[in-house]
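Accompanying notes for the structure given below.
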Amino acid sequence: MKLDDRSQDESQDQSTGDPQVFRGSNQSGLRDYNERLVLSMIQRSGAMPGVEIARRAGLSPQTVSVILRSLESDGLLERGAPQRGRVGKPSIPMGLNPEGLYSVGMKIGRRSADLVLTDFLGNTRQLLQTTYRYPMPDAIVGFLKSGLASFREALGEKAADRISGIGIAMPFEIWNWSETIGAPPNDIAAWRDLDFAAEIAQFTNLPVFIENDATAACRAEHVYGLGRTYRDFAYFFVGSFIGGGVVLNHAVFEGARGNAGAFGSLPIRLSTGEDKQLIDVASLYRLEADLARKGIEPARIWASPQDWHDFPEVLENWIDYTARHLARAALTVCAVIDFEAVVIDGAFPAEVRTRLINRVRENIVDLDQRGLFPPVIAEGTVGRNARAMGAACSPVFSQFLLNTLGGLSQSS
């Protein structure tokens, strides 16, 4: 499973779920699935010796030994320190080699774009950001092109050849939001007919994987955060526009059209009787508008590093208003699927996230919960870069890992 041995058909697959692996149909397909299984178990649970991998996966020790040698030879795994103190020869845990592969993830937002280079463990090796009044295709593609060149130069030629692909996290149908993001309709309409993958193919042959930005953020939380704690959870990400994602049975559920967890479209009835969507009452663009009305530069909420201490009154009002609607939305989604948790994260400082979560918990207690098991309201762990981090996961999962391990992921 060397980086340069991936099939062309598979590398062009735009999905981020499990690839089509024909288990047992032939030796090549079976070996591919078992390699992914072993890599996924180690990615999920950490380094472990071959005998433990064999026990959890239900494979023979001989089969696991062959797989581990192959993956080590390919540079995807590395040996840990021998574990002594037991009868027999010391066991050697095998873990992911951080430099075994790299991945590029880009988040395209309404006010900024983030570009991240991650290693096999999900560590951020480089992070670049650009801001704008509204996103335009030429500027975004140019940012990606220059950023990718910067990443390759920093890695060096040999390591750069181990970049597995590019993940793009962006809002679906971005051209429909021209009024809300303050963009001229004729300008933002350029996104409608854009073939993003074709544009990127003009300067790199890396495979490209495109998914909804909130789903990407959910994937990052699933892989690097609370996905190890909860089997099923609903996920809300509060960005310029709020969005969401769904995790079922330890796997991100994307839906038939990749739009599962479109919680921003949940209908909301205001106290005035007016019908709105959650996106209209629980998004950061509302905070931007509130700041502008107070004569405070709204672009400052996107600056890095984030410091939101200078507008306490405006922020407090936004948290209070947003939390009330988030509490209702959290209970609503649990009426459809019995989620054990609702995870909330966003593009704000960690202390703001904590305040918002606490306020949601206070509000949900006062709501009518008859017929429901109230979910745990959990604080997300990835934070502002969740969408770019999730995008970077896409090439790795599509080519090297399994989207879910089911019960295996929690085996002891």
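Note on naming: chains are A, B, ... as they come in the structure tokens, residues start from 1 per chain, ligands start from 1 in the order shown.
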
Report task. As a PyMOL selection string, please: all residues of stretch 123-293 of chain A that backbone DSSP puts in alpha helix (DSSP H). Result -> chain A and resi 137-155+157-160+178-181+185-188+196-200+213-224+278-281+284-293

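Within the 6 Å cut-off around stretch 70-85 of chain A, using only C-alpha atoms and omitting residues fewer than 5 positions from it on the same chain, the listed residues are Lys2, Pro90, Ser91, Ile92, Pro93, Met94, Gly95, Leu96, Asn97 and Gly100 of chain A.
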
Query raised in the report: A:Val141: which residues within 12 Å, counting only C-alpha atoms, same-chain residues fewer than 2 positions away excluded, as a VMD selection string?
Result: chain A and resid 106 to 108 113 115 130 135 to 139 143 to 148 168 191 194 to 204

Report as a PDB file with N, CA, C and O atoms, in the first residue's frame all protein, DNA and RNA residues lying within 6 Å of stretch 233-240 of chain A, evaluated on only C-alpha atoms, omitting residues in the same chain fewer than 5 positions from it.
```
ATOM      1  N   GLY A 245     -23.218  18.115  11.776  1.00  0.00           N
ATOM      2  CA  GLY A 245     -22.847  16.801  11.284  1.00  0.00           C
ATOM      3  C   GLY A 245     -23.436  15.727  12.181  1.00  0.00           C
ATOM      4  O   GLY A 245     -23.920  16.012  13.282  1.00  0.00           O
ATOM      5  N   VAL A 246     -23.383  14.486  11.714  1.00  0.00           N
ATOM      6  CA  VAL A 246     -23.966  13.360  12.431  1.00  0.00           C
ATOM      7  C   VAL A 246     -22.950  12.226  12.510  1.00  0.00           C
ATOM      8  O   VAL A 246     -22.333  11.863  11.502  1.00  0.00           O
ATOM      9  N   VAL A 247     -22.765  11.675  13.704  1.00  0.00           N
ATOM     10  CA  VAL A 247     -21.939  10.487  13.900  1.00  0.00           C
ATOM     11  C   VAL A 247     -22.832   9.371  14.423  1.00  0.00           C
ATOM     12  O   VAL A 247     -23.516   9.541  15.435  1.00  0.00           O
ATOM     13  N   SER A 283     -25.626  32.171  14.409  1.00  0.00           N
ATOM     14  CA  SER A 283     -24.407  32.215  13.602  1.00  0.00           C
ATOM     15  C   SER A 283     -23.562  33.423  13.971  1.00  0.00           C
ATOM     16  O   SER A 283     -24.058  34.405  14.524  1.00  0.00           O
ATOM     17  N   LEU A 284     -22.287  33.345  13.625  1.00  0.00           N
ATOM     18  CA  LEU A 284     -21.379  34.436  13.960  1.00  0.00           C
ATOM     19  C   LEU A 284     -21.603  35.683  13.103  1.00  0.00           C
ATOM     20  O   LEU A 284     -21.170  36.772  13.479  1.00  0.00           O
ATOM     21  N   TYR A 285     -22.261  35.545  11.960  1.00  0.00           N
ATOM     22  CA  TYR A 285     -22.518  36.745  11.172  1.00  0.00           C
ATOM     23  C   TYR A 285     -23.445  37.686  11.931  1.00  0.00           C
ATOM     24  O   TYR A 285     -23.403  38.910  11.736  1.00  0.00           O
ATOM     25  N   PHE A 339     -29.618  10.525  20.072  1.00  0.00           N
ATOM     26  CA  PHE A 339     -28.199  10.817  20.277  1.00  0.00           C
ATOM     27  C   PHE A 339     -27.869  10.773  21.763  1.00  0.00           C
ATOM     28  O   PHE A 339     -28.613  11.309  22.582  1.00  0.00           O
ATOM     29  N   GLU A 340     -26.742  10.184  22.089  1.00  0.00           N
ATOM     30  CA  GLU A 340     -26.316  10.206  23.488  1.00  0.00           C
ATOM     31  C   GLU A 340     -25.678  11.534  23.852  1.00  0.00           C
ATOM     32  O   GLU A 340     -25.607  11.898  25.031  1.00  0.00           O
ATOM     33  N   ALA A 341     -25.217  12.283  22.847  1.00  0.00           N
ATOM     34  CA  ALA A 341     -24.588  13.577  23.129  1.00  0.00           C
ATOM     35  C   ALA A 341     -24.836  14.534  21.979  1.00  0.00           C
ATOM     36  O   ALA A 341     -25.038  14.134  20.827  1.00  0.00           O
ATOM     37  N   VAL A 342     -24.828  15.806  22.312  1.00  0.00           N
ATOM     38  CA  VAL A 342     -24.803  16.880  21.324  1.00  0.00           C
ATOM     39  C   VAL A 342     -23.524  17.667  21.584  1.00  0.00           C
ATOM     40  O   VAL A 342     -23.333  18.207  22.679  1.00  0.00           O
ATOM     41  N   VAL A 343     -22.655  17.680  20.586  1.00  0.00           N
ATOM     42  CA  VAL A 343     -21.346  18.325  20.715  1.00  0.00           C
ATOM     43  C   VAL A 343     -21.392  19.678  20.012  1.00  0.00           C
ATOM     44  O   VAL A 343     -21.850  19.776  18.876  1.00  0.00           O
ATOM     45  N   ILE A 344     -20.928  20.708  20.703  1.00  0.00           N
ATOM     46  CA  ILE A 344     -20.955  22.061  20.147  1.00  0.00           C
ATOM     47  C   ILE A 344     -19.545  22.630  20.119  1.00  0.00           C
ATOM     48  O   ILE A 344     -18.823  22.600  21.113  1.00  0.00           O
ATOM     49  N   ASP A 345     -19.152  23.126  18.953  1.00  0.00           N
ATOM     50  CA  ASP A 345     -17.845  23.765  18.782  1.00  0.00           C
ATOM     51  C   ASP A 345     -18.049  24.973  17.877  1.00  0.00           C
ATOM     52  O   ASP A 345     -19.164  25.237  17.425  1.00  0.00           O
ATOM     53  N   GLY A 346     -16.989  25.711  17.610  1.00  0.00           N
ATOM     54  CA  GLY A 346     -17.149  26.867  16.744  1.00  0.00           C
ATOM     55  C   GLY A 346     -15.866  27.627  16.522  1.00  0.00           C
ATOM     56  O   GLY A 346     -14.817  27.317  17.096  1.00  0.00           O
ATOM     57  N   ALA A 347     -15.958  28.632  15.670  1.00  0.00           N
ATOM     58  CA  ALA A 347     -14.794  29.445  15.311  1.00  0.00           C
ATOM     59  C   ALA A 347     -14.651  30.608  16.274  1.00  0.00           C
ATOM     60  O   ALA A 347     -14.623  31.785  15.880  1.00  0.00           O
TER      61      ALA A 347
END
```

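Of the listed residues A:Ile279, A:Ala251, A:Ala335, A:Ile319, the one whose atoms come nearest to A:Gly227 is A:Ala251, with distances taken using only C-alpha atoms.
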
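Residues in contact with A:Met170 at up to 10 Å, not including ones fewer than 5 positions away on its chain and judged by only C-alpha atoms, are Met106, Lys107, Ile108, Gly109, Arg110, Ala113, Ile210, Glu211, Asn212, Asp213, Ala214, Thr215, Ala216, Arg387, Ala388 and Ala391 of chain A.
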
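If only C-alpha atoms are the atoms counted, then among A:Thr332, A:Asn403, A:Thr118, A:Thr322 the closest residue to A:His250 is A:Asn403.
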
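Atom CA of A:Glu221 is found 16.6 Å from atom CA of A:Asp119.
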
Query raised in the report: Quick one: residues within 12 Å of A:Trp308, only C-alpha atoms counted, chain neighbours fewer than 2 positions away excluded, as a PyMOL selection string?
Result: chain A and resi 287+291+296-306+310-316+347-353

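The interatomic distance for the pair atom CA of A:Ile181 and atom CA of A:Ala392 works out to 25.5 Å.
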
Skip A:Phe120 itself and residues of its chain fewer than 4 positions away, then list as a tab-separated table (two decimals) with N, CA and C atoms, in the first residue's frame all residues within 6 Å of it, counting only C-alpha atoms.
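File produced: around.tsv:
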```
chain	number	residue	atom	x	y	z
A	98	PRO	N	4.45	9.24	12.14
A	98	PRO	CA	3.92	10.57	11.83
A	98	PRO	C	4.32	11.06	10.44
A	101	LEU	N	2.87	9.69	6.08
A	101	LEU	CA	2.16	10.41	5.04
A	101	LEU	C	1.71	11.76	5.58
A	102	TYR	N	1.41	12.65	4.66
A	102	TYR	CA	0.92	13.99	5.00
A	102	TYR	C	-0.36	14.24	4.23
```

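Proximity to A:Val104 was assessed for A:Ile166, A:Leu128, A:Ile42, A:Ala57 counting only C-alpha atoms; the smallest distance is recorded for A:Ile166.
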
Report summary line: Computed gap from atom CA of A:Arg133 to atom CA of A:Glu288 is 12.5 Å

Query raised in the report: Using only C-alpha atoms, which residue out of A:His325, A:Arg162, A:Arg69, A:Arg228 lies closest to A:Gln43?
Result: A:Arg228

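Minimum atom-to-atom distances from A:Thr272, A:Gln277, A:Ser394, A:Asn34 to A:Ser65 were compared using only C-alpha atoms, and the lowest value belongs to A:Asn34.
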
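Distances to A:Leu402 were evaluated for A:Val252, A:Asn205, A:Asp114, A:Gly105 using only C-alpha atoms, and the minimum falls at A:Val252.
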